[in-house]
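Peer 1: One file is attached below, coords_23.cif, containing mmCIF, C-alpha atoms.
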```cif
data_run
loop_
_atom_site.label_atom_id
_atom_site.label_comp_id
_atom_site.auth_asym_id
_atom_site.auth_seq_id
_atom_site.Cartn_x
_atom_site.Cartn_y
_atom_site.Cartn_z
CA MET K 1 83.55 -3.50 15.67
CA CYS K 2 82.72 -0.26 13.87
CA VAL K 3 85.38 1.88 12.30
CA PRO K 4 86.23 4.95 14.42
CA GLY K 5 83.37 7.42 14.47
CA CYS K 6 80.75 5.25 12.74
CA ARG K 7 78.79 4.46 15.90
CA GLU K 8 78.58 8.12 16.84
CA ALA K 9 77.45 9.07 13.34
CA VAL K 10 74.68 6.47 13.28
CA GLU K 11 73.53 7.37 16.78
CA ARG K 12 73.26 11.03 15.75
CA ALA K 13 71.23 10.08 12.71
CA LEU K 14 68.89 7.83 14.67
CA SER K 15 68.27 10.38 17.39
CA ARG K 16 67.37 13.33 15.20
CA ARG K 17 64.06 14.88 16.10
CA GLY K 18 61.35 13.71 13.77
CA PHE K 19 63.41 10.89 12.21
CA PHE K 20 60.51 8.52 12.75
CA ALA K 21 57.77 11.12 12.28
CA GLY K 22 57.44 10.97 8.48
CA ALA K 23 54.02 10.17 7.13
CA ALA K 24 53.49 6.74 5.58
CA ALA K 25 53.53 6.72 1.79
CA ALA K 26 50.23 6.26 -0.04
CA GLY K 27 49.13 2.65 0.00
CA PHE K 28 51.31 1.68 2.96
CA SER K 29 49.15 0.70 5.91
CA ALA K 30 49.26 2.89 8.99
CA SER K 31 48.78 -0.27 11.04
CA SER K 32 52.54 -0.58 11.23
CA SER K 33 53.02 2.26 13.65
CA THR K 34 56.07 4.47 13.98
CA PRO K 35 58.72 2.13 15.41
CA ALA K 36 60.74 2.72 18.54
CA LEU K 37 64.39 1.74 18.37
CA ALA K 38 65.38 -1.21 20.52
CA GLN K 39 68.59 0.60 21.38
CA ARG K 40 70.52 3.73 20.49
CA SER K 41 74.03 2.43 20.94
CA PHE K 42 75.79 -0.60 19.55
CA THR K 43 79.21 -2.23 19.54
CA SER K 44 79.04 -4.41 16.43
CA VAL K 45 77.32 -4.78 13.09
CA VAL K 46 76.19 -8.21 11.93
CA ASP K 47 75.64 -8.76 8.21
CA LEU K 48 72.36 -10.64 7.69
CA THR K 49 72.75 -10.84 3.92
CA HIS K 50 73.70 -13.74 1.69
CA THR K 51 76.03 -12.90 -1.21
CA LEU K 52 73.91 -12.81 -4.36
CA SER K 53 75.27 -14.77 -7.30
CA PRO K 54 73.81 -16.78 -10.19
CA GLU K 55 74.32 -19.89 -8.05
CA PHE K 56 72.13 -18.78 -5.13
CA PRO K 57 68.94 -20.92 -5.00
CA THR K 58 65.72 -19.27 -6.16
CA PHE K 59 62.06 -20.18 -5.84
CA PHE K 60 61.77 -20.31 -9.62
CA GLY K 61 64.78 -22.55 -10.19
CA VAL K 62 66.52 -20.03 -12.44
CA PRO K 63 69.49 -17.75 -11.68
CA GLY K 64 68.39 -14.69 -9.71
CA ILE K 65 71.04 -12.52 -11.29
CA ALA K 66 73.12 -12.51 -14.47
CA ILE K 67 76.14 -10.22 -14.57
CA GLU K 68 77.43 -9.01 -17.92
CA ARG K 69 80.78 -7.23 -18.05
CA ARG K 70 80.37 -4.35 -20.50
CA TYR K 71 83.44 -2.23 -19.77
CA THR K 72 86.82 -2.96 -18.20
CA VAL K 73 89.58 -0.78 -16.81
CA LYS K 74 92.09 -2.30 -19.20
CA LYS K 75 90.03 -1.60 -22.32
CA ASP K 76 87.71 1.28 -21.38
CA GLY K 77 89.22 2.91 -18.31
CA ALA K 78 86.53 1.71 -15.90
CA ASN K 79 84.77 -1.48 -14.83
CA VAL K 80 81.03 -1.43 -15.56
CA ASN K 81 78.62 -4.37 -15.40
CA TRP K 82 75.04 -4.79 -16.63
CA TRP K 83 72.79 -6.65 -14.20
CA HIS K 84 69.80 -8.74 -15.26
CA LEU K 85 67.98 -9.25 -12.02
CA LEU K 86 65.03 -11.12 -10.52
CA GLU K 87 63.35 -8.97 -7.85
CA HIS K 88 62.87 -11.95 -5.56
CA ALA K 89 66.47 -13.19 -5.49
CA GLY K 90 68.89 -13.77 -2.64
CA THR K 91 68.28 -11.86 0.58
CA HIS K 92 65.41 -9.63 -0.46
CA VAL K 93 62.47 -7.61 0.80
CA ASP K 94 58.89 -8.30 -0.31
CA ALA K 95 56.84 -5.11 -0.55
CA PRO K 96 53.06 -5.07 0.08
CA LEU K 97 52.60 -4.69 -3.71
CA HIS K 98 53.80 -8.27 -4.15
CA TYR K 99 50.40 -9.59 -3.05
CA SER K 100 48.20 -6.52 -3.37
CA ASP K 101 47.66 -4.21 -6.35
CA ALA K 102 46.75 -1.50 -3.82
CA GLY K 103 49.85 -2.14 -1.71
CA ALA K 104 52.96 -0.03 -1.50
CA ALA K 105 55.82 -0.72 -3.88
CA ALA K 106 59.35 -0.92 -2.51
CA ASP K 107 60.03 2.76 -3.14
CA MET K 108 56.94 3.79 -1.15
CA ILE K 109 57.90 2.14 2.15
CA PRO K 110 58.95 4.94 4.53
CA ALA K 111 62.56 4.87 5.65
CA ALA K 112 61.35 5.14 9.24
CA GLN K 113 59.85 1.66 8.94
CA LEU K 114 63.14 0.15 7.75
CA VAL K 115 65.16 0.81 10.92
CA VAL K 116 63.39 -1.18 13.61
CA PRO K 117 63.84 -3.36 16.70
CA LEU K 118 64.62 -6.98 15.89
CA ALA K 119 63.03 -9.96 17.64
CA VAL K 120 64.59 -13.31 16.73
CA VAL K 121 62.42 -16.37 17.37
CA ASP K 122 64.55 -19.53 17.38
CA VAL K 123 62.72 -22.56 16.00
CA SER K 124 65.85 -24.36 14.77
CA ALA K 125 65.37 -27.42 16.99
CA LYS K 126 61.84 -27.92 15.70
CA ALA K 127 62.88 -27.28 12.09
CA ALA K 128 65.64 -29.89 12.46
CA ARG K 129 62.93 -32.43 13.27
CA SER K 130 60.63 -31.35 10.44
CA ALA K 131 61.60 -29.46 7.31
CA ASP K 132 57.95 -28.42 6.94
CA TYR K 133 57.81 -26.70 10.33
CA ALA K 134 55.72 -23.51 10.50
CA MET K 135 56.44 -21.00 13.27
CA THR K 136 53.41 -20.75 15.58
CA THR K 137 51.80 -18.24 17.89
CA GLN K 138 53.10 -20.41 20.73
CA ASP K 139 56.68 -19.86 19.53
CA ILE K 140 56.05 -16.11 19.71
CA ALA K 141 54.37 -16.43 23.12
CA ASP K 142 57.41 -18.35 24.37
CA TRP K 143 59.65 -15.53 23.11
CA GLU K 144 57.54 -12.95 24.96
CA ALA K 145 57.65 -15.04 28.13
CA ARG K 146 61.45 -14.72 28.08
CA HIS K 147 61.93 -11.22 26.68
CA GLY K 148 58.71 -9.27 27.25
CA ARG K 149 56.16 -7.96 24.81
CA LEU K 150 57.32 -7.53 21.22
CA PRO K 151 58.61 -3.97 20.70
CA GLU K 152 56.35 -1.58 18.82
CA GLY K 153 57.08 -1.50 15.10
CA CYS K 154 59.60 -4.35 15.25
CA CYS K 155 60.57 -7.06 12.80
CA VAL K 156 59.90 -10.62 13.93
CA ALA K 157 62.48 -12.98 12.44
CA MET K 158 62.16 -16.75 12.28
CA SER K 159 65.52 -18.42 12.86
CA SER K 160 65.17 -21.99 11.62
CA GLY K 161 68.84 -22.71 10.95
CA TRP K 162 68.07 -23.06 7.23
CA ALA K 163 70.63 -20.45 6.19
CA GLN K 164 73.35 -23.04 6.68
CA HIS K 165 71.99 -24.92 3.63
CA ALA K 166 72.19 -21.96 1.22
CA GLY K 167 75.28 -23.40 -0.47
CA SER K 168 73.26 -26.39 -1.68
CA ALA K 169 70.15 -25.78 -3.77
CA ALA K 170 68.92 -29.31 -3.08
CA GLN K 171 69.09 -28.88 0.68
CA PHE K 172 67.93 -25.27 0.74
CA THR K 173 64.84 -25.85 -1.40
CA GLY K 174 64.16 -29.38 -0.16
CA LYS K 175 62.58 -30.08 -3.52
CA ASP K 176 61.29 -33.67 -3.74
CA ALA K 177 60.61 -35.94 -6.72
CA ALA K 178 57.15 -34.44 -7.09
CA GLY K 179 58.57 -30.93 -7.32
CA ILE K 180 57.33 -29.89 -3.86
CA PHE K 181 59.56 -27.72 -1.69
CA HIS K 182 60.25 -28.58 1.93
CA PHE K 183 61.58 -25.81 4.17
CA PRO K 184 60.25 -23.97 7.24
CA GLY K 185 58.11 -20.84 7.22
CA VAL K 186 55.60 -18.89 9.28
CA SER K 187 52.11 -20.24 9.90
CA SER K 188 49.19 -18.13 8.71
CA GLN K 189 47.79 -18.26 12.26
CA ALA K 190 50.96 -16.66 13.63
CA ALA K 191 50.89 -14.00 10.91
CA ALA K 192 47.23 -13.21 11.62
CA TRP K 193 47.92 -12.96 15.37
CA LEU K 194 50.80 -10.54 14.81
CA ILE K 195 48.59 -8.38 12.60
CA GLU K 196 45.70 -8.35 15.05
CA GLU K 197 47.45 -8.34 18.42
CA ARG K 198 50.82 -6.63 17.95
CA SER K 199 52.27 -3.66 16.07
CA VAL K 200 54.87 -5.30 13.82
CA ALA K 201 56.43 -3.67 10.74
CA GLY K 202 58.12 -6.69 9.19
CA LEU K 203 58.48 -10.44 9.16
CA ALA K 204 61.74 -12.18 8.24
CA VAL K 205 62.64 -15.79 7.48
CA ASP K 206 65.92 -17.55 6.75
CA THR K 207 64.26 -19.58 4.00
CA MET K 208 63.00 -18.79 0.49
CA SER K 209 59.44 -17.92 1.51
CA LEU K 210 57.42 -16.48 4.37
CA ASP K 211 55.20 -19.55 3.89
CA PRO K 212 56.50 -23.07 4.49
CA GLY K 213 57.88 -24.56 1.29
CA ALA K 214 55.07 -27.08 0.83
CA SER K 215 52.39 -24.37 0.92
CA LYS K 216 50.05 -24.20 -2.06
CA ASP K 217 47.95 -21.20 -1.06
CA PHE K 218 50.67 -18.86 0.29
CA LYS K 219 48.26 -17.76 2.98
CA THR K 220 50.92 -16.08 5.10
CA HIS K 221 51.92 -13.92 2.13
CA ARG K 222 48.26 -13.17 1.39
CA LEU K 223 47.62 -12.07 4.97
CA TRP K 224 50.86 -10.26 5.75
CA LEU K 225 51.68 -8.15 2.71
CA PRO K 226 48.20 -6.75 1.95
CA ALA K 227 48.08 -5.68 5.62
CA GLY K 228 50.77 -3.12 4.76
CA ARG K 229 53.75 -4.97 6.17
CA TRP K 230 56.99 -5.99 4.48
CA GLY K 231 58.76 -9.34 4.54
CA ILE K 232 62.39 -10.41 4.28
CA GLU K 233 63.24 -13.77 2.75
CA ASN K 234 66.61 -15.57 2.75
CA ILE K 235 67.93 -13.58 5.71
CA ALA K 236 71.31 -14.84 6.98
CA ASN K 237 73.27 -15.14 10.23
CA LEU K 238 70.38 -14.82 12.66
CA ASP K 239 72.31 -17.11 14.98
CA GLN K 240 74.85 -14.30 15.41
CA VAL K 241 72.40 -11.79 16.90
CA PRO K 242 70.63 -11.88 20.28
CA ALA K 243 67.00 -12.89 20.56
CA ALA K 244 66.14 -9.35 21.72
CA GLY K 245 67.79 -5.95 21.84
CA ALA K 246 69.31 -5.59 18.37
CA THR K 247 68.24 -3.02 15.79
CA LEU K 248 67.54 -4.14 12.23
CA VAL K 249 68.60 -1.89 9.35
CA VAL K 250 67.00 -2.73 6.00
CA GLY K 251 68.86 -1.33 2.98
CA LEU K 252 65.95 -1.57 0.55
CA PRO K 253 66.71 -0.19 -2.95
CA LYS K 254 64.32 2.60 -3.89
CA VAL K 255 63.15 1.22 -7.23
CA LYS K 256 59.89 2.66 -8.53
CA GLY K 257 57.10 0.11 -8.73
CA ALA K 258 59.19 -2.81 -7.43
CA SER K 259 57.32 -5.68 -5.79
CA ALA K 260 60.58 -6.70 -4.09
CA ALA K 261 64.30 -6.02 -4.20
CA PRO K 262 67.52 -7.77 -3.22
CA SER K 263 68.69 -5.83 -0.17
CA ARG K 264 71.60 -5.41 2.22
CA ILE K 265 70.31 -6.24 5.69
CA PHE K 266 72.25 -5.86 8.90
CA ALA K 267 71.79 -5.74 12.65
CA LEU K 268 73.24 -3.26 15.12
CA VAL K 269 74.11 -5.19 18.27
#
```
Using structure tokens, write down the structure that the file contains.
Peer 2:
Amino acid sequence: MCVPGCREAVERALSRRGFFAGAAAAGFSASSSTPALAQRSFTSVVDLTHTLSPEFPTFFGVPGIAIERRYTVKKDGANVNWWHLLEHAGTHVDAPLHYSDAGAAADMIPAAQLVVPLAVVDVSAKAARSADYAMTTQDIADWEARHGRLPEGCCVAMSSGWAQHAGSAAQFTGKDAAGIFHFPGVSSQAAAWLIEERSVAGLAVDTMSLDPGASKDFKTHRLWLPAGRWGIENIANLDQVPAAGATLVVGLPKVKGASAAPSRIFALV
């Protein structure tokens, strides 16, 4: 539950006139239209973020963060750390710039497109049968058959159950003897359909990549990000939010020129 007064404060902020009327930053596609909130009241906040540490698995096989203690309270009067950080580490947001030189960097994505309705598509049963499963347009169609058309400007999140493996790099990456990863992702056909047929701001996965781990061409990345959308990788706890009705809040650091950034992501339920 929220602390006293927090729900009212957030509701006031979300309902201000013009909150979602800001113009898109240069290079950020207008195809992701101004989103409509799935709801304007909530009773709980679900953290969708893994704790970032040097041990968290990364696509590159190196620590995503190194933390150097420079000052301490005992010696210097304050605790201060230096971070050495990989943009694409832990729960993070891919900006359009990641796969397009003309795309928006993280700091250029309008705040209005970072507070959006959340649609969670559960493919965990299929992913349990095949680590290489790619979410399909049929999975999305099945979601719409149960919950109605995807909300305008929403984030579509693939819930494969893979977050439960984050404590083991071997299981989370599925890396085989040939060095090939095996974990679920989103098919390029599903990504193309969402771009062409729906107004979706973001795509989220509970694995290390929008593409299935075994992908060699990263076609989903190459379609999705240059189309002016953002992506979240390594999202957590999707099993704790409803399939429809929650609001996603993306705490994306405003770092100039960043192609991605570790982020605090949560859902208002």
Peer 1: Under the rule that all atoms listed in the file are counted, which of K:Val241, K:Ala190, K:Leu252, K:Ala128 is the nearest residue to Ala112 of chain K?
Peer 2: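 Nearest candidate to Ala112 of chain K out of K:Val241, K:Ala190, K:Leu252, K:Ala128: K:Leu252.
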Peer 1: Here's a test: counting only C-alpha atoms, identify every protein, DNA and RNA residue with an atom at most 7 Å from (63.8, -23.8, 15.8) in the file's coordinate frame, and state them as a list in words.
Peer 2: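 Residues found, by chain and rising number: Asp122, Val123, Ser124, Ala125, Lys126, Ala127, Ser159 and Ser160 of chain K.
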Peer 1: Could you list, as a list in words, every residue matched by the PyMOL selection byres ((chain K and resi 83) around 9) in this structure?
Peer 2: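 Answer for the PyMOL selection byres ((chain K and resi 83) around 9): Ile65, Ala66, Ile67, Glu68, Arg69, Asn81, Trp82, His84 and Leu85 of chain K.
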Peer 1: Could you please take those selected residues and save C-alpha atoms as a CSV table (one decimal), in the coordinates of the input?
Peer 2:
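Now in result.csv:
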```csv
chain,number,residue,atom,x,y,z
K,65,ILE,CA,71.0,-12.5,-11.3
K,66,ALA,CA,73.1,-12.5,-14.5
K,67,ILE,CA,76.1,-10.2,-14.6
K,68,GLU,CA,77.4,-9.0,-17.9
K,69,ARG,CA,80.8,-7.2,-18.0
K,81,ASN,CA,78.6,-4.4,-15.4
K,82,TRP,CA,75.0,-4.8,-16.6
K,84,HIS,CA,69.8,-8.7,-15.3
K,85,LEU,CA,68.0,-9.2,-12.0
```
Peer 1: Per residue of segment 40-149 of chain K within 12 Å of segment 169-186 of chain K, what are the shortest atom pair and its distance in Å to one decimal, counting all atoms listed in the file, with rows by chain and residue number, as CSV?
Peer 2:
```
residue,atom,partner,partner_atom,distance
K:Pro54,CA,K:Ala169,CA,11.6
K:Glu55,CA,K:Ala169,CA,8.4
K:Phe56,CA,K:Ala169,CA,7.4
K:Pro57,CA,K:Ala169,CA,5.2
K:Thr58,CA,K:Thr173,CA,8.2
K:Phe59,CA,K:Thr173,CA,7.7
K:Phe60,CA,K:Thr173,CA,10.4
K:Gly61,CA,K:Ala169,CA,9.0
K:Val62,CA,K:Ala169,CA,11.0
K:Pro63,CA,K:Ala169,CA,11.3
K:Val121,CA,K:Val186,CA,10.9
K:Asp122,CA,K:Pro184,CA,11.9
K:Val123,CA,K:Pro184,CA,9.2
K:Ser124,CA,K:Pro184,CA,9.4
K:Ala125,CA,K:Pro184,CA,11.5
K:Lys126,CA,K:Pro184,CA,9.5
K:Ala127,CA,K:Pro184,CA,6.4
K:Ala128,CA,K:Pro184,CA,9.6
K:Arg129,CA,K:Pro184,CA,10.7
K:Ser130,CA,K:Pro184,CA,8.1
K:Ala131,CA,K:Phe183,CA,4.8
K:Asp132,CA,K:Pro184,CA,5.0
K:Tyr133,CA,K:Pro184,CA,4.8
K:Ala134,CA,K:Val186,CA,4.8
K:Met135,CA,K:Val186,CA,4.6
K:Thr136,CA,K:Val186,CA,6.9
K:Thr137,CA,K:Val186,CA,9.4
K:Gln138,CA,K:Val186,CA,11.8
K:Asp139,CA,K:Val186,CA,10.4
K:Ile140,CA,K:Val186,CA,10.8
```
Peer 1: Got a sec to check which residues sit within 10 Å of (73.8, -21.4, 6.0), counting all atoms listed in the file, and write them as a ChimeraX atom specification?
Peer 2: /K:50,161-168,172,206-207,234-238
Peer 1: What does the distance from atom CA of Met208 of chain K to atom CA of Glu233 of chain K come to in Å, to one decimal?
Peer 2: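 So the two atoms, atom CA of Met208 of chain K and atom CA of Glu233 of chain K, lie 5.5 Å apart.
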Peer 1: Enter the distance from atom CA of Gly90 of chain K to atom CA of Thr49 of chain K, in Å, rounded to one decimal.
Peer 2: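 Between atom CA of Gly90 of chain K and atom CA of Thr49 of chain K the gap is 8.2 Å.
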Peer 1: Between atom CA of Ala201 of chain K and atom CA of Arg229 of chain K, what distance in Å does the model show, to one decimal?
Peer 2: 5.5 Å
Peer 1: Pick out the closest residue to Trp143 of chain K from this set: K:His221, K:Leu86, K:Ala243, K:Val205. Count only C-alpha atoms.
Peer 2: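 Of the candidates, the smallest distance to Trp143 of chain K is held by K:Ala243.
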Peer 1: I would like the residues chosen by the PyMOL selection byres ((chain K and resi 156) around 8) on the shown file; could you give them as JSON, numbers by chain?
Peer 2: {"K": [118, 119, 120, 121, 154, 155, 157, 158, 200, 202, 203, 204]}
Peer 1: Evaluate the PyMOL selection byres ((chain K and resi 96) around 7) and record the selected residues as a tab-separated table (two decimals) with C-alpha atoms, in the coordinates of the input, following the chain and residue labels used in the document.
Peer 2:
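Now in part04.tsv:
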```tsv
chain	number	residue	atom	x	y	z
K	94	ASP	CA	58.89	-8.30	-0.31
K	95	ALA	CA	56.84	-5.11	-0.55
K	97	LEU	CA	52.60	-4.69	-3.71
K	98	HIS	CA	53.80	-8.27	-4.15
K	99	TYR	CA	50.40	-9.59	-3.05
K	100	SER	CA	48.20	-6.52	-3.37
K	103	GLY	CA	49.85	-2.14	-1.71
K	104	ALA	CA	52.96	-0.03	-1.50
K	105	ALA	CA	55.82	-0.72	-3.88
K	225	LEU	CA	51.68	-8.15	2.71
K	226	PRO	CA	48.20	-6.75	1.95
K	228	GLY	CA	50.77	-3.12	4.76
K	229	ARG	CA	53.75	-4.97	6.17
K	230	TRP	CA	56.99	-5.99	4.48
```
Peer 1: Can you fill out segment 40-59 of chain K with N, CA, C and O atoms and hand it back as a PDB file, in the frame of the given file?
Peer 2:
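Okay, this is what ended up in selection_9.pdb:
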```pdb
ATOM      1  N   ARG K  40      69.936   2.608  21.207  1.00  0.00           N
ATOM      2  CA  ARG K  40      70.520   3.730  20.490  1.00  0.00           C
ATOM      3  C   ARG K  40      72.036   3.705  20.552  1.00  0.00           C
ATOM      4  O   ARG K  40      72.686   4.666  20.222  1.00  0.00           O
ATOM      5  N   SER K  41      72.593   2.606  20.981  1.00  0.00           N
ATOM      6  CA  SER K  41      74.030   2.430  20.940  1.00  0.00           C
ATOM      7  C   SER K  41      74.305   0.988  20.552  1.00  0.00           C
ATOM      8  O   SER K  41      73.486   0.108  20.768  1.00  0.00           O
ATOM      9  N   PHE K  42      75.458   0.746  19.955  1.00  0.00           N
ATOM     10  CA  PHE K  42      75.790  -0.600  19.550  1.00  0.00           C
ATOM     11  C   PHE K  42      77.311  -0.740  19.502  1.00  0.00           C
ATOM     12  O   PHE K  42      78.039   0.251  19.425  1.00  0.00           O
ATOM     13  N   THR K  43      77.763  -1.973  19.559  1.00  0.00           N
ATOM     14  CA  THR K  43      79.210  -2.230  19.540  1.00  0.00           C
ATOM     15  C   THR K  43      79.634  -3.040  18.338  1.00  0.00           C
ATOM     16  O   THR K  43      80.825  -3.146  18.064  1.00  0.00           O
ATOM     17  N   SER K  44      78.674  -3.635  17.620  1.00  0.00           N
ATOM     18  CA  SER K  44      79.040  -4.410  16.430  1.00  0.00           C
ATOM     19  C   SER K  44      77.913  -4.378  15.415  1.00  0.00           C
ATOM     20  O   SER K  44      76.768  -4.078  15.734  1.00  0.00           O
ATOM     21  N   VAL K  45      78.280  -4.696  14.188  1.00  0.00           N
ATOM     22  CA  VAL K  45      77.320  -4.780  13.090  1.00  0.00           C
ATOM     23  C   VAL K  45      77.391  -6.191  12.518  1.00  0.00           C
ATOM     24  O   VAL K  45      78.467  -6.676  12.166  1.00  0.00           O
ATOM     25  N   VAL K  46      76.248  -6.856  12.453  1.00  0.00           N
ATOM     26  CA  VAL K  46      76.190  -8.210  11.930  1.00  0.00           C
ATOM     27  C   VAL K  46      75.508  -8.197  10.568  1.00  0.00           C
ATOM     28  O   VAL K  46      74.377  -7.705  10.430  1.00  0.00           O
ATOM     29  N   ASP K  47      76.196  -8.695   9.563  1.00  0.00           N
ATOM     30  CA  ASP K  47      75.640  -8.760   8.210  1.00  0.00           C
ATOM     31  C   ASP K  47      74.646  -9.913   8.140  1.00  0.00           C
ATOM     32  O   ASP K  47      74.994 -11.065   8.410  1.00  0.00           O
ATOM     33  N   LEU K  48      73.414  -9.624   7.780  1.00  0.00           N
ATOM     34  CA  LEU K  48      72.360 -10.640   7.690  1.00  0.00           C
ATOM     35  C   LEU K  48      72.017 -10.951   6.244  1.00  0.00           C
ATOM     36  O   LEU K  48      70.903 -11.394   5.941  1.00  0.00           O
ATOM     37  N   THR K  49      72.983 -10.744   5.352  1.00  0.00           N
ATOM     38  CA  THR K  49      72.750 -10.840   3.920  1.00  0.00           C
ATOM     39  C   THR K  49      73.602 -11.935   3.286  1.00  0.00           C
ATOM     40  O   THR K  49      74.812 -11.991   3.496  1.00  0.00           O
ATOM     41  N   HIS K  50      72.962 -12.795   2.505  1.00  0.00           N
ATOM     42  CA  HIS K  50      73.700 -13.740   1.690  1.00  0.00           C
ATOM     43  C   HIS K  50      74.297 -13.010   0.485  1.00  0.00           C
ATOM     44  O   HIS K  50      73.692 -12.055  -0.040  1.00  0.00           O
ATOM     45  N   THR K  51      75.461 -13.450   0.028  1.00  0.00           N
ATOM     46  CA  THR K  51      76.030 -12.900  -1.210  1.00  0.00           C
ATOM     47  C   THR K  51      75.196 -13.394  -2.389  1.00  0.00           C
ATOM     48  O   THR K  51      74.962 -14.596  -2.545  1.00  0.00           O
ATOM     49  N   LEU K  52      74.732 -12.456  -3.203  1.00  0.00           N
ATOM     50  CA  LEU K  52      73.910 -12.810  -4.360  1.00  0.00           C
ATOM     51  C   LEU K  52      74.796 -13.164  -5.544  1.00  0.00           C
ATOM     52  O   LEU K  52      75.680 -12.391  -5.918  1.00  0.00           O
ATOM     53  N   SER K  53      74.548 -14.315  -6.119  1.00  0.00           N
ATOM     54  CA  SER K  53      75.270 -14.770  -7.300  1.00  0.00           C
ATOM     55  C   SER K  53      74.313 -15.615  -8.135  1.00  0.00           C
ATOM     56  O   SER K  53      73.237 -15.991  -7.660  1.00  0.00           O
ATOM     57  N   PRO K  54      74.691 -15.933  -9.377  1.00  0.00           N
ATOM     58  CA  PRO K  54      73.810 -16.780 -10.190  1.00  0.00           C
ATOM     59  C   PRO K  54      73.570 -18.153  -9.569  1.00  0.00           C
ATOM     60  O   PRO K  54      72.588 -18.828  -9.912  1.00  0.00           O
ATOM     61  N   GLU K  55      74.445 -18.569  -8.657  1.00  0.00           N
ATOM     62  CA  GLU K  55      74.320 -19.890  -8.050  1.00  0.00           C
ATOM     63  C   GLU K  55      73.354 -19.930  -6.866  1.00  0.00           C
ATOM     64  O   GLU K  55      72.951 -21.025  -6.425  1.00  0.00           O
ATOM     65  N   PHE K  56      72.979 -18.768  -6.324  1.00  0.00           N
ATOM     66  CA  PHE K  56      72.130 -18.780  -5.130  1.00  0.00           C
ATOM     67  C   PHE K  56      70.750 -19.354  -5.490  1.00  0.00           C
ATOM     68  O   PHE K  56      70.141 -18.957  -6.483  1.00  0.00           O
ATOM     69  N   PRO K  57      70.226 -20.287  -4.672  1.00  0.00           N
ATOM     70  CA  PRO K  57      68.940 -20.920  -5.000  1.00  0.00           C
ATOM     71  C   PRO K  57      67.794 -19.912  -5.081  1.00  0.00           C
ATOM     72  O   PRO K  57      67.742 -18.948  -4.302  1.00  0.00           O
ATOM     73  N   THR K  58      66.900 -20.128  -6.022  1.00  0.00           N
ATOM     74  CA  THR K  58      65.720 -19.270  -6.160  1.00  0.00           C
ATOM     75  C   THR K  58      64.457 -20.133  -6.167  1.00  0.00           C
ATOM     76  O   THR K  58      64.492 -21.329  -6.472  1.00  0.00           O
ATOM     77  N   PHE K  59      63.357 -19.497  -5.858  1.00  0.00           N
ATOM     78  CA  PHE K  59      62.060 -20.180  -5.840  1.00  0.00           C
ATOM     79  C   PHE K  59      61.695 -20.687  -7.224  1.00  0.00           C
ATOM     80  O   PHE K  59      61.003 -21.691  -7.380  1.00  0.00           O
TER      81      PHE K  59
END
```
